[in-house]
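Q: Take this structure first; my questions come after.
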Amino acid sequence: MNDTQRWLAGLRPRHNPAESTLIANMRDDANIPSLNSLAAMRHYARQRWPHDPAVQSIIPGLWRRYQRWQYDNSDGH
């Protein structure tokens with residue numbers, strides 16, 4: 001299990017239905033790569049949902065949540 005999969009497994013959806021759907025879809029992807037940058041997360045979303053601009057609008061907030069999780073779970077913290 002990579003970091004992205006561990007993060008998604010423990011991530012609590014918020015009250016945004018679009019974000020909750022995106023998180024559920026990402027969790028269902030057994031082959032999700034380790035998304036180690038905002039660009040990687042955007043690229044992943046464009047590949048999976050190429051005609052859904054709403055998904056792209058959610059990515060920056062989701063990336064910030066991922067960064068906080070990485071910081072909170074880093075060895076140096």
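Residue numbering restarts at 1 for every chain of the structure tokens, chains are lettered A, B, ... in their displayed order, and ligands are numbered from 1 as they appear.
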What's the 10 Å shell around A:Arg12, counting only C-alpha atoms, without same-chain residues fewer than 5 positions away, as a list in words?
A: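 Listing them by chain and then by number gives Trp7, Ser20 and Ile23 of chain A.
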Q: Mind writing the picked residues with C-alpha atoms as a PDB file, in the first residue's frame?
A:
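Saved file part_17.pdb follows:
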ATOM      1  CA  TRP A   7      -4.154   8.509   3.223  1.00  0.00           C
ATOM      2  CA  SER A  20     -16.900  12.811  -1.181  1.00  0.00           C
ATOM      3  CA  ILE A  23     -12.555  10.414  -2.604  1.00  0.00           C
TER       4      ILE A  23
END
Q: Work out how far atom CA of A:Arg27 is from atom CA of A:Leu8, in Å to one decimal.
A: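 According to the coordinates, atom CA of A:Leu8 and atom CA of A:Arg27 are separated by 6.1 Å.
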Q: If you run DSSP on the backbone, which residues of chain A are alpha helix (DSSP H), as an MDAnalysis selection string?
A: chainID A and resid 3:10 17:28 38:48 53:72
Q: Take atom CA of A:Glu19 and atom CA of A:Ile58 and report the distance between them in Å, one decimal.
A: 6.6 Å
Q: Hey, what's within 8 Å of A:Ser34 if we count only C-alpha atoms and toss same-chain stuff fewer than 5 positions away? As a list in words, please?
A: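 Near A:Ser34, the qualifying residues are Asn2, Asp3, Thr4 and Gln5 of chain A.
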Q: Pick out the closest residue to A:Leu35 from this set: A:Met1, A:Tyr66, A:Ser74, A:Pro17. Count only C-alpha atoms.
A: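 Among the listed residues, the smallest separation from A:Leu35 belongs to A:Tyr66.
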Q: Please provide as a VMD selection string all residues within 12 Å of stretch 37-40 of chain A, with the sequence filter that same-chain residues fewer than 6 positions apart are discarded (counting only C-alpha atoms).
A: chain A and resid 4 46 to 47 56 58 to 67 70
